[in-house]
>>> print(open('query.cif').read())   # mmCIF, C-alpha atoms and all ligand atoms
data_model
#
loop_
_atom_site.group_PDB
_atom_site.id
_atom_site.type_symbol
_atom_site.label_atom_id
_atom_site.label_comp_id
_atom_site.auth_asym_id
_atom_site.auth_seq_id
_atom_site.Cartn_x
_atom_site.Cartn_y
_atom_site.Cartn_z
ATOM 1 C CA MET E 57 138.448 128.559 106.435
ATOM 2 C CA THR E 58 136.463 129.314 103.301
ATOM 3 C CA SER E 59 137.061 127.340 100.125
ATOM 4 C CA ASP E 60 136.853 128.507 96.542
ATOM 5 C CA ALA E 61 133.250 127.289 96.427
ATOM 6 C CA GLY E 62 132.372 129.537 99.362
ATOM 7 C CA THR E 63 131.931 126.667 101.771
ATOM 8 C CA ASN E 64 133.466 126.517 105.238
ATOM 9 C CA ALA E 65 135.584 123.586 106.358
ATOM 10 C CA VAL E 66 133.867 121.290 108.869
ATOM 11 C CA ASP E 67 135.876 118.914 111.000
ATOM 12 C CA ALA E 68 135.135 115.209 110.714
ATOM 13 C CA GLU E 69 133.888 114.985 114.287
ATOM 14 C CA HIS E 70 131.044 117.469 113.721
ATOM 15 C CA LEU E 71 130.080 115.825 110.451
ATOM 16 C CA GLN E 72 129.995 112.417 112.106
ATOM 17 C CA GLU E 73 127.862 113.765 114.950
ATOM 18 C CA LEU E 74 125.258 114.843 112.391
ATOM 19 C CA VAL E 75 125.456 111.478 110.616
ATOM 20 C CA VAL E 76 124.893 109.724 113.943
ATOM 21 C CA ALA E 77 121.949 112.034 114.725
ATOM 22 C CA ASN E 78 120.301 110.967 111.451
ATOM 23 C CA ARG E 79 120.749 107.305 112.295
ATOM 24 C CA ILE E 80 119.585 107.612 115.908
ATOM 25 C CA LEU E 81 116.389 109.384 114.845
ATOM 26 C CA PHE E 82 115.646 106.522 112.459
ATOM 27 C CA ASP E 83 116.559 103.845 114.989
ATOM 28 C CA GLN E 84 114.316 105.447 117.624
ATOM 29 C CA GLY E 85 111.346 105.665 115.259
ATOM 30 C CA VAL E 86 111.218 109.451 114.966
ATOM 31 C CA VAL E 87 111.953 109.598 111.231
ATOM 32 C CA ASP E 88 111.410 106.992 108.520
ATOM 33 C CA ALA E 89 112.305 107.600 104.886
ATOM 34 C CA PHE E 90 111.281 111.206 105.509
ATOM 35 C CA GLY E 91 112.219 113.860 108.054
ATOM 36 C CA HIS E 92 115.579 115.547 108.559
ATOM 37 C CA VAL E 93 117.982 116.988 111.101
ATOM 38 C CA SER E 94 120.372 119.914 110.750
ATOM 39 C CA MET E 95 122.979 121.726 112.816
ATOM 40 C CA ARG E 96 124.214 125.291 112.652
ATOM 41 C CA HIS E 97 127.679 125.429 111.111
ATOM 42 C CA PRO E 98 130.256 125.257 113.924
ATOM 43 C CA ALA E 99 132.531 127.795 112.155
ATOM 44 C CA ASN E 100 129.990 130.127 110.535
ATOM 45 C CA ALA E 101 126.762 131.083 112.310
ATOM 46 C CA ASP E 102 125.214 132.221 109.012
ATOM 47 C CA ARG E 103 125.337 128.720 107.592
ATOM 48 C CA PHE E 104 123.887 125.360 108.560
ATOM 49 C CA LEU E 105 124.567 121.732 107.681
ATOM 50 C CA LEU E 106 121.907 119.377 106.330
ATOM 51 C CA ALA E 107 121.998 116.195 104.264
ATOM 52 C CA ARG E 108 121.098 116.140 100.609
ATOM 53 C CA ASN E 109 117.641 114.780 99.712
ATOM 54 C CA MET E 110 117.736 111.206 101.000
ATOM 55 C CA ALA E 111 116.458 108.889 103.738
ATOM 56 C CA PRO E 112 118.082 109.774 107.088
ATOM 57 C CA ARG E 113 119.214 106.206 107.780
ATOM 58 C CA LEU E 114 121.393 106.284 104.659
ATOM 59 C CA VAL E 115 123.172 109.601 105.309
ATOM 60 C CA THR E 116 126.987 109.570 105.361
ATOM 61 C CA ALA E 117 129.424 112.452 105.925
ATOM 62 C CA ASP E 118 129.775 112.847 102.148
ATOM 63 C CA ASP E 119 126.041 113.581 101.856
ATOM 64 C CA ILE E 120 126.068 116.611 104.146
ATOM 65 C CA LEU E 121 125.800 119.985 102.438
ATOM 66 C CA GLU E 122 126.218 123.550 103.613
ATOM 67 C CA PHE E 123 123.275 125.960 103.325
ATOM 68 C CA GLY E 124 122.893 129.718 103.633
ATOM 69 C CA MET E 125 120.258 131.556 105.632
ATOM 70 C CA ASP E 126 118.177 131.815 102.452
ATOM 71 C CA GLY E 127 117.740 128.037 102.605
ATOM 72 C CA GLU E 128 119.751 127.435 99.460
ATOM 73 C CA PRO E 129 122.805 125.151 99.247
ATOM 74 C CA VAL E 130 126.156 126.892 98.906
ATOM 75 C CA ALA E 131 127.639 124.252 96.603
ATOM 76 C CA ALA E 132 125.283 121.344 95.956
ATOM 77 C CA ALA E 133 127.082 120.281 92.761
ATOM 78 C CA GLY E 134 123.833 119.139 91.194
ATOM 79 C CA ARG E 135 122.681 117.098 94.166
ATOM 80 C CA ALA E 136 118.985 117.302 95.081
ATOM 81 C CA VAL E 137 118.099 118.973 98.374
ATOM 82 C CA TYR E 138 115.131 118.632 100.723
ATOM 83 C CA ILE E 139 112.037 120.595 99.724
ATOM 84 C CA GLU E 140 111.463 121.574 103.356
ATOM 85 C CA ARG E 141 114.925 123.017 104.021
ATOM 86 C CA TYR E 142 113.225 126.374 104.733
ATOM 87 C CA ILE E 143 112.049 124.965 108.084
ATOM 88 C CA HIS E 144 115.679 124.967 109.146
ATOM 89 C CA SER E 145 116.868 128.196 107.539
ATOM 90 C CA GLU E 146 114.046 130.343 108.853
ATOM 91 C CA ILE E 147 114.348 129.015 112.418
ATOM 92 C CA TYR E 148 118.104 129.654 112.392
ATOM 93 C CA ARG E 149 117.440 133.165 111.067
ATOM 94 C CA ALA E 150 114.849 133.920 113.733
ATOM 95 C CA ARG E 151 116.598 132.239 116.660
ATOM 96 C CA PRO E 152 120.333 132.903 117.151
ATOM 97 C CA ASP E 153 120.225 130.604 120.196
ATOM 98 C CA VAL E 154 119.213 127.588 118.090
ATOM 99 C CA LYS E 155 122.055 125.292 117.059
ATOM 100 C CA ALA E 156 120.075 122.282 115.795
ATOM 101 C CA VAL E 157 116.678 121.544 114.260
ATOM 102 C CA VAL E 158 114.807 118.248 113.818
ATOM 103 C CA HIS E 159 111.793 117.915 111.541
ATOM 104 C CA SER E 160 109.773 114.694 111.629
ATOM 105 C CA HIS E 161 106.482 113.087 110.757
ATOM 106 C CA ALA E 162 106.611 111.012 113.958
ATOM 107 C CA GLN E 163 103.398 109.000 114.105
ATOM 108 C CA ALA E 164 102.513 109.465 117.776
ATOM 109 C CA VAL E 165 102.524 113.263 117.595
ATOM 110 C CA ILE E 166 100.320 113.629 114.494
ATOM 111 C CA PRO E 167 96.964 113.268 116.344
ATOM 112 C CA PHE E 168 97.818 116.211 118.609
ATOM 113 C CA GLY E 169 98.154 118.443 115.588
ATOM 114 C CA VAL E 170 94.667 117.689 114.294
ATOM 115 C CA VAL E 171 92.454 117.601 117.424
ATOM 116 C CA ALA E 172 92.235 121.098 118.837
ATOM 117 C CA ALA E 173 90.918 119.881 122.204
ATOM 118 C CA ALA E 174 93.907 117.572 122.719
ATOM 119 C CA LYS E 175 96.926 119.715 123.517
ATOM 120 C CA LEU E 176 100.307 117.989 123.733
ATOM 121 C CA ARG E 177 101.518 118.684 127.278
ATOM 122 C CA PRO E 178 104.232 117.302 129.556
ATOM 123 C CA LEU E 179 102.877 114.072 130.994
ATOM 124 C CA PHE E 180 106.098 112.813 132.557
ATOM 125 C CA HIS E 181 109.450 114.257 133.569
ATOM 126 C CA MET E 182 111.187 113.249 130.321
ATOM 127 C CA GLY E 183 108.709 115.379 128.370
ATOM 128 C CA ALA E 184 109.056 118.368 130.674
ATOM 129 C CA PHE E 185 110.544 120.539 127.912
ATOM 130 C CA LEU E 186 107.021 120.734 126.450
ATOM 131 C CA GLY E 187 106.385 123.311 129.172
ATOM 132 C CA GLU E 188 102.901 124.766 129.022
ATOM 133 C CA GLY E 189 102.048 122.774 125.915
ATOM 134 C CA CYS E 190 103.023 122.503 122.289
ATOM 135 C CA PRO E 191 101.543 125.024 119.811
ATOM 136 C CA VAL E 192 100.140 123.896 116.454
ATOM 137 C CA PHE E 193 101.156 125.517 113.175
ATOM 138 C CA GLU E 194 98.208 125.974 110.804
ATOM 139 C CA ILE E 195 99.582 126.197 107.281
ATOM 140 C CA ARG E 196 96.215 127.377 105.907
ATOM 141 C CA ASP E 197 96.769 130.738 107.592
ATOM 142 C CA THR E 198 99.634 131.382 105.163
ATOM 143 C CA ALA E 199 99.150 129.022 102.214
ATOM 144 C CA GLY E 200 95.342 128.872 101.983
ATOM 145 C CA ARG E 201 93.236 125.711 101.744
ATOM 146 C CA GLY E 202 94.945 123.977 98.839
ATOM 147 C CA SER E 203 98.587 123.454 99.897
ATOM 148 C CA ASP E 204 100.383 120.099 99.997
ATOM 149 C CA LEU E 205 101.192 120.893 103.662
ATOM 150 C CA LEU E 206 104.936 121.084 102.976
ATOM 151 C CA ILE E 207 107.089 124.027 104.042
ATOM 152 C CA ARG E 208 108.278 124.653 100.495
ATOM 153 C CA SER E 209 109.106 128.367 100.634
ATOM 154 C CA ARG E 210 110.873 130.922 102.762
ATOM 155 C CA GLU E 211 107.524 132.544 103.468
ATOM 156 C CA LEU E 212 106.117 129.337 104.942
ATOM 157 C CA GLY E 213 109.309 128.696 106.900
ATOM 158 C CA ALA E 214 109.132 132.195 108.366
ATOM 159 C CA ALA E 215 105.494 131.654 109.375
ATOM 160 C CA LEU E 216 106.455 128.416 111.130
ATOM 161 C CA ALA E 217 109.391 130.089 112.913
ATOM 162 C CA ARG E 218 107.105 132.923 113.995
ATOM 163 C CA ASP E 219 104.611 130.497 115.558
ATOM 164 C CA LEU E 220 107.431 128.539 117.207
ATOM 165 C CA GLY E 221 108.508 131.752 118.922
ATOM 166 C CA GLN E 222 110.928 131.092 121.765
ATOM 167 C CA ARG E 223 109.612 127.570 122.370
ATOM 168 C CA SER E 224 111.490 124.337 121.733
ATOM 169 C CA SER E 225 108.885 122.528 119.671
ATOM 170 C CA ILE E 226 105.858 122.999 117.454
ATOM 171 C CA LEU E 227 103.329 120.638 115.906
ATOM 172 C CA MET E 228 102.333 121.066 112.264
ATOM 173 C CA ARG E 229 98.688 120.289 111.546
ATOM 174 C CA GLY E 230 98.264 117.208 109.354
ATOM 175 C CA HIS E 231 102.019 116.916 108.865
ATOM 176 C CA GLY E 232 104.403 116.455 111.798
ATOM 177 C CA ALA E 233 106.559 118.370 114.224
ATOM 178 C CA THR E 234 109.679 120.521 114.418
ATOM 179 C CA ILE E 235 112.059 120.722 117.360
ATOM 180 C CA ALA E 236 114.714 123.392 117.926
ATOM 181 C CA ALA E 237 117.469 123.303 120.546
ATOM 182 C CA ASP E 238 120.762 124.831 121.558
ATOM 183 C CA GLY E 239 122.630 121.684 120.548
ATOM 184 C CA LEU E 240 122.297 118.641 118.326
ATOM 185 C CA ARG E 241 122.075 116.107 121.135
ATOM 186 C CA ARG E 242 119.347 118.050 122.927
ATOM 187 C CA ALA E 243 117.335 118.387 119.705
ATOM 188 C CA VAL E 244 117.533 114.639 119.092
ATOM 189 C CA TYR E 245 116.709 113.879 122.721
ATOM 190 C CA ARG E 246 113.643 116.124 122.628
ATOM 191 C CA ALA E 247 112.424 114.709 119.321
ATOM 192 C CA ILE E 248 112.565 111.204 120.791
ATOM 193 C CA TYR E 249 110.846 112.102 124.052
ATOM 194 C CA MET E 250 108.263 114.309 122.356
ATOM 195 C CA GLN E 251 107.106 111.212 120.492
ATOM 196 C CA MET E 252 107.158 109.147 123.702
ATOM 197 C CA ASN E 253 105.195 111.809 125.614
ATOM 198 C CA ALA E 254 102.602 111.860 122.824
ATOM 199 C CA ALA E 255 102.180 108.086 122.897
ATOM 200 C CA LEU E 256 101.822 108.071 126.683
ATOM 201 C CA GLN E 257 99.373 110.970 126.601
ATOM 202 C CA THR E 258 97.198 109.152 124.080
ATOM 203 C CA THR E 259 97.126 106.116 126.377
ATOM 204 C CA ALA E 260 96.428 108.213 129.479
ATOM 205 C CA MET E 261 93.556 110.039 127.765
ATOM 206 C CA GLN E 262 91.912 106.691 127.068
ATOM 207 C CA LEU E 263 92.040 105.954 130.785
ATOM 208 C CA GLY E 264 90.700 109.297 131.910
ATOM 209 C CA ASP E 265 91.707 112.907 132.474
ATOM 210 C CA PRO E 266 95.524 113.068 132.743
ATOM 211 C CA GLU E 267 97.355 115.038 135.397
ATOM 212 C CA PHE E 268 100.108 117.012 133.693
ATOM 213 C CA LEU E 269 103.279 118.535 135.128
ATOM 214 C CA THR E 270 102.900 122.028 136.537
ATOM 215 C CA PRO E 271 105.092 124.737 134.947
ATOM 216 C CA GLU E 272 107.233 124.628 138.090
ATOM 217 C CA GLU E 273 107.629 120.849 137.856
ATOM 218 C CA SER E 274 108.483 121.154 134.175
ATOM 219 C CA GLU E 275 111.176 123.702 134.840
ATOM 220 C CA ALA E 276 112.705 121.627 137.631
ATOM 221 C CA ALA E 277 112.566 118.413 135.595
ATOM 222 C CA VAL E 278 114.169 119.961 132.511
ATOM 223 C CA SER E 279 117.216 121.079 134.440
ATOM 224 C CA SER E 280 117.707 117.724 136.162
ATOM 225 C CA VAL E 281 116.840 115.315 133.342
ATOM 226 C CA GLU E 282 118.477 117.205 130.495
ATOM 227 C CA GLY E 283 121.743 117.324 132.405
ATOM 228 C CA GLN E 284 122.031 113.659 131.510
ATOM 229 C CA ILE E 285 121.454 113.752 127.768
ATOM 230 C CA ASP E 286 124.948 112.422 127.057
ATOM 231 C CA ARG E 287 124.107 109.234 128.937
ATOM 232 C CA ALA E 288 121.290 108.504 126.489
ATOM 233 C CA TRP E 289 123.280 109.711 123.461
ATOM 234 C CA THR E 290 126.163 107.335 124.246
ATOM 235 C CA MET E 291 123.804 104.360 124.294
ATOM 236 C CA TRP E 292 121.846 105.427 121.192
ATOM 237 C CA ARG E 293 125.109 105.959 119.311
ATOM 238 C CA LEU E 294 126.583 102.575 120.268
ATOM 239 C CA LYS E 295 123.339 100.929 119.160
ATOM 240 C CA VAL E 296 123.357 102.449 115.676
ATOM 241 C CA GLU E 297 127.051 101.599 115.374
ATOM 242 C CA GLY E 298 126.237 97.967 116.148
ATOM 243 C CA LYS E 299 128.398 97.960 119.288
ATOM 244 C CA LEU E 300 125.822 97.016 121.901
ATOM 245 C CA GLY E 301 126.146 93.312 121.247
HETATM 246 ZN ZN ZN B 401 107.710 117.345 106.559
#
>>> encode(input="query.cif", output="structure tokens")
Amino acid sequence: MTSDAGTNAVDAEHLQELVVANRILFDQGVVDAFGHVSMRHPANADRFLLARNMAPRLVTADDILEFGMDGEPVAAAGRAVYIERYIHSEIYRARPDVKAVVHSHAQAVIPFGVVAAAKLRPLFHMGAFLGEGCPVFEIRDTAGRGSDLLIRSRELGAALARDLGQRSSILMRGHGATIAADGLRRAVYRAIYMQMNAALQTTAMQLGDPEFLTPEESEAAVSSVEGQIDRAWTMWRLKVEGKLG
């Protein structure tokens, strides 16, 4: 159903799922005051849902706005929006299969975006979705040498989406990472385990030369481990709702 403002009705359950995703990402140390998570609109594939400009931990259902594929809010009513919303819009435009996007400045992944010789690769089964390794987006290729590193235009968002290709994640040099998935829970799961894989890889590299998963092991591990995402989601959700005791 489309309202007079051009927005599409969203049921409370979907809105709450996105609120919970914001809180889980904070609770698990993936986002802090910065970073954001979006989902494609469940009733209109040409729209997506993203909070207004605020810290993820503080997001409520009332803070979630609808955006078009141009990255602009449909009816923001004067509320400020994230500068980097074009990360989301351009990935949704380029990838019809993507239903959710997480963007973070997760600490453990940052080093892998700035040391060319250290490629982020699947070190353990929970990071198997990293496949043959995570590419690095170099903003200088599009914005030159004087940018503030933020994806603040459609052009930059499109360049990021192009480098992401059909993969599930991409590092952003000197900035952070972006994760795309076919569902909100999988995007959150991968954002959490991408950070964990990065931390473990840093430790392993201090010990010696790590042995990574083969592409075949990665493929097998993704299908077995990611069949159990709901198990983790249920626990993460209860924790942020204060119900774990
Ligand atoms: Zn950012």
>>> closest_atom_pairs(input="query.cif", of="chain E", to="ligand ZN 401 (chain B)", cutoff="8 Å", atoms="only C-alpha atoms and all ligand atoms", output="tab-separated table")
residue	atom	partner	partner_atom	distance
E:Phe90	CA	B:ZN401	ZN	7.2
E:Gly91	CA	B:ZN401	ZN	5.9
E:Glu140	CA	B:ZN401	ZN	6.5
E:His159	CA	B:ZN401	ZN	6.5
E:Ser160	CA	B:ZN401	ZN	6.1
E:His161	CA	B:ZN401	ZN	6.1
E:Leu205	CA	B:ZN401	ZN	8.0
E:Leu206	CA	B:ZN401	ZN	5.9
E:Ile207	CA	B:ZN401	ZN	7.2
E:His231	CA	B:ZN401	ZN	6.2
E:Gly232	CA	B:ZN401	ZN	6.3
E:Ala233	CA	B:ZN401	ZN	7.8
>>> residues_around(input="query.cif", residues="Glu146 (chain E)", least_positions_apart="2", cutoff="10 Å", atoms="all atoms listed in the file", output="PyMOL selection string")
chain E and resi 125-127+141-144+148-151+209-218
>>> atom_distance(input="query.cif", atom1="CA of Arg287 (chain E)", atom2="CA of Leu81 (chain E)")
16.1 Å
>>> closest_residue(input="query.cif", among="E:Asp118, E:Met228, E:Ala162, E:Leu269", to="Cys190 (chain E)", atoms="only C-alpha atoms")
E:Met228
>>> residues_near_point(input="query.cif", point="(121.4, 123.8, 122.2)", cutoff="9 Å", atoms="all atoms listed in the file", output="VMD selection string")
chain E and resid 153 to 156 236 to 243
>>> closest_residue(input="query.cif", among="E:Val87, E:Ala111, E:Leu74, E:Ala174", to="Asp265 (chain E)", atoms="all atoms listed in the file")
E:Ala174
>>> closest_residue(input="query.cif", among="E:Val76, E:Val157, E:Val66, E:Ile166", to="Leu294 (chain E)", atoms="only C-alpha atoms")
E:Val76
>>> resolve_selection(input="query.cif", expression="the PyMOL selection byres (((chain E and resi 77) around 10) and not hetatm)", output="PyMOL selection string")
chain E and resi 71-76+78-83+92-95+112-113+115+158+240-241+243-245+289+292-293+296
>>> closest_residue(input="query.cif", among="E:Thr270, E:Gln84, E:Thr116, E:Gln251", to="Lys295 (chain E)", atoms="all atoms listed in the file")
E:Gln84
>>> atom_distance(input="query.cif", atom1="CA of Phe123 (chain E)", atom2="CA of Arg223 (chain E)")
23.5 Å
>>> atom_distance(input="query.cif", atom1="CA of Pro129 (chain E)", atom2="CA of Asn109 (chain E)")
11.6 Å
>>> closest_residue(input="query.cif", among="E:Ala255, E:Leu179, E:Ala184, E:Ala288", to="Ser224 (chain E)", atoms="all atoms listed in the file")
E:Ala184
>>> resolve_selection(input="query.cif", expression="the PyMOL selection byres (((chain E and resi 136) around 7) and not hetatm)", output="PyMOL selection string")
chain E and resi 108-109+134-135+137-138
>>> closest_residue(input="query.cif", among="E:Arg246, E:His181, E:Arg196, E:Arg201", to="Val281 (chain E)", atoms="all atoms listed in the file")
E:His181
>>> resolve_selection(input="query.cif", expression="the PyMOL selection byres (((chain E and resi 257) around 10) and not hetatm)", output="number ranges by chain")
E: 164-165, 168, 174-180, 251-256, 258-263, 265-268
>>> build_atoms(input="query.cif", residues="region 188-201 of chain E", atoms="N, CA, C and O atoms", output="PDB file, keeping the file's coordinate frame")
ATOM      1  N   GLU E 188     104.338 124.542 128.868  1.00  0.00           N
ATOM      2  CA  GLU E 188     102.901 124.766 129.022  1.00  0.00           C
ATOM      3  C   GLU E 188     102.101 124.223 127.850  1.00  0.00           C
ATOM      4  O   GLU E 188     100.925 124.523 127.674  1.00  0.00           O
ATOM      5  N   GLY E 189     102.746 123.418 127.024  1.00  0.00           N
ATOM      6  CA  GLY E 189     102.048 122.774 125.915  1.00  0.00           C
ATOM      7  C   GLY E 189     102.614 123.189 124.577  1.00  0.00           C
ATOM      8  O   GLY E 189     103.206 124.254 124.429  1.00  0.00           O
ATOM      9  N   CYS E 190     102.424 122.304 123.604  1.00  0.00           N
ATOM     10  CA  CYS E 190     103.023 122.503 122.289  1.00  0.00           C
ATOM     11  C   CYS E 190     102.043 123.222 121.350  1.00  0.00           C
ATOM     12  O   CYS E 190     100.909 122.759 121.168  1.00  0.00           O
ATOM     13  N   PRO E 191     102.439 124.337 120.748  1.00  0.00           N
ATOM     14  CA  PRO E 191     101.543 125.024 119.811  1.00  0.00           C
ATOM     15  C   PRO E 191     101.398 124.221 118.506  1.00  0.00           C
ATOM     16  O   PRO E 191     102.194 123.320 118.228  1.00  0.00           O
ATOM     17  N   VAL E 192     100.382 124.567 117.739  1.00  0.00           N
ATOM     18  CA  VAL E 192     100.140 123.896 116.454  1.00  0.00           C
ATOM     19  C   VAL E 192     100.217 124.931 115.332  1.00  0.00           C
ATOM     20  O   VAL E 192      99.523 125.960 115.373  1.00  0.00           O
ATOM     21  N   PHE E 193     101.046 124.641 114.337  1.00  0.00           N
ATOM     22  CA  PHE E 193     101.156 125.517 113.175  1.00  0.00           C
ATOM     23  C   PHE E 193     100.055 125.165 112.173  1.00  0.00           C
ATOM     24  O   PHE E 193      99.915 124.011 111.762  1.00  0.00           O
ATOM     25  N   GLU E 194      99.279 126.168 111.795  1.00  0.00           N
ATOM     26  CA  GLU E 194      98.208 125.974 110.804  1.00  0.00           C
ATOM     27  C   GLU E 194      98.669 126.580 109.482  1.00  0.00           C
ATOM     28  O   GLU E 194      98.671 127.804 109.308  1.00  0.00           O
ATOM     29  N   ILE E 195      99.025 125.724 108.544  1.00  0.00           N
ATOM     30  CA  ILE E 195      99.582 126.197 107.281  1.00  0.00           C
ATOM     31  C   ILE E 195      98.555 126.963 106.448  1.00  0.00           C
ATOM     32  O   ILE E 195      98.913 127.817 105.633  1.00  0.00           O
ATOM     33  N   ARG E 196      97.265 126.680 106.683  1.00  0.00           N
ATOM     34  CA  ARG E 196      96.215 127.377 105.907  1.00  0.00           C
ATOM     35  C   ARG E 196      96.251 128.894 106.131  1.00  0.00           C
ATOM     36  O   ARG E 196      95.853 129.657 105.256  1.00  0.00           O
ATOM     37  N   ASP E 197      96.727 129.301 107.293  1.00  0.00           N
ATOM     38  CA  ASP E 197      96.769 130.738 107.592  1.00  0.00           C
ATOM     39  C   ASP E 197      97.696 131.478 106.633  1.00  0.00           C
ATOM     40  O   ASP E 197      97.552 132.682 106.425  1.00  0.00           O
ATOM     41  N   THR E 198      98.673 130.757 106.083  1.00  0.00           N
ATOM     42  CA  THR E 198      99.634 131.382 105.163  1.00  0.00           C
ATOM     43  C   THR E 198      99.439 130.909 103.736  1.00  0.00           C
ATOM     44  O   THR E 198      99.501 131.708 102.786  1.00  0.00           O
ATOM     45  N   ALA E 199      99.168 129.618 103.557  1.00  0.00           N
ATOM     46  CA  ALA E 199      99.150 129.022 102.214  1.00  0.00           C
ATOM     47  C   ALA E 199      97.741 128.819 101.652  1.00  0.00           C
ATOM     48  O   ALA E 199      97.601 128.381 100.506  1.00  0.00           O
ATOM     49  N   GLY E 200      96.711 129.112 102.447  1.00  0.00           N
ATOM     50  CA  GLY E 200      95.342 128.872 101.983  1.00  0.00           C
ATOM     51  C   GLY E 200      94.943 127.413 102.139  1.00  0.00           C
ATOM     52  O   GLY E 200      95.638 126.632 102.792  1.00  0.00           O
ATOM     53  N   ARG E 201      93.830 127.025 101.509  1.00  0.00           N
ATOM     54  CA  ARG E 201      93.236 125.711 101.744  1.00  0.00           C
ATOM     55  C   ARG E 201      93.676 124.638 100.759  1.00  0.00           C
ATOM     56  O   ARG E 201      93.192 123.510 100.795  1.00  0.00           O
TER      57      ARG E 201
END
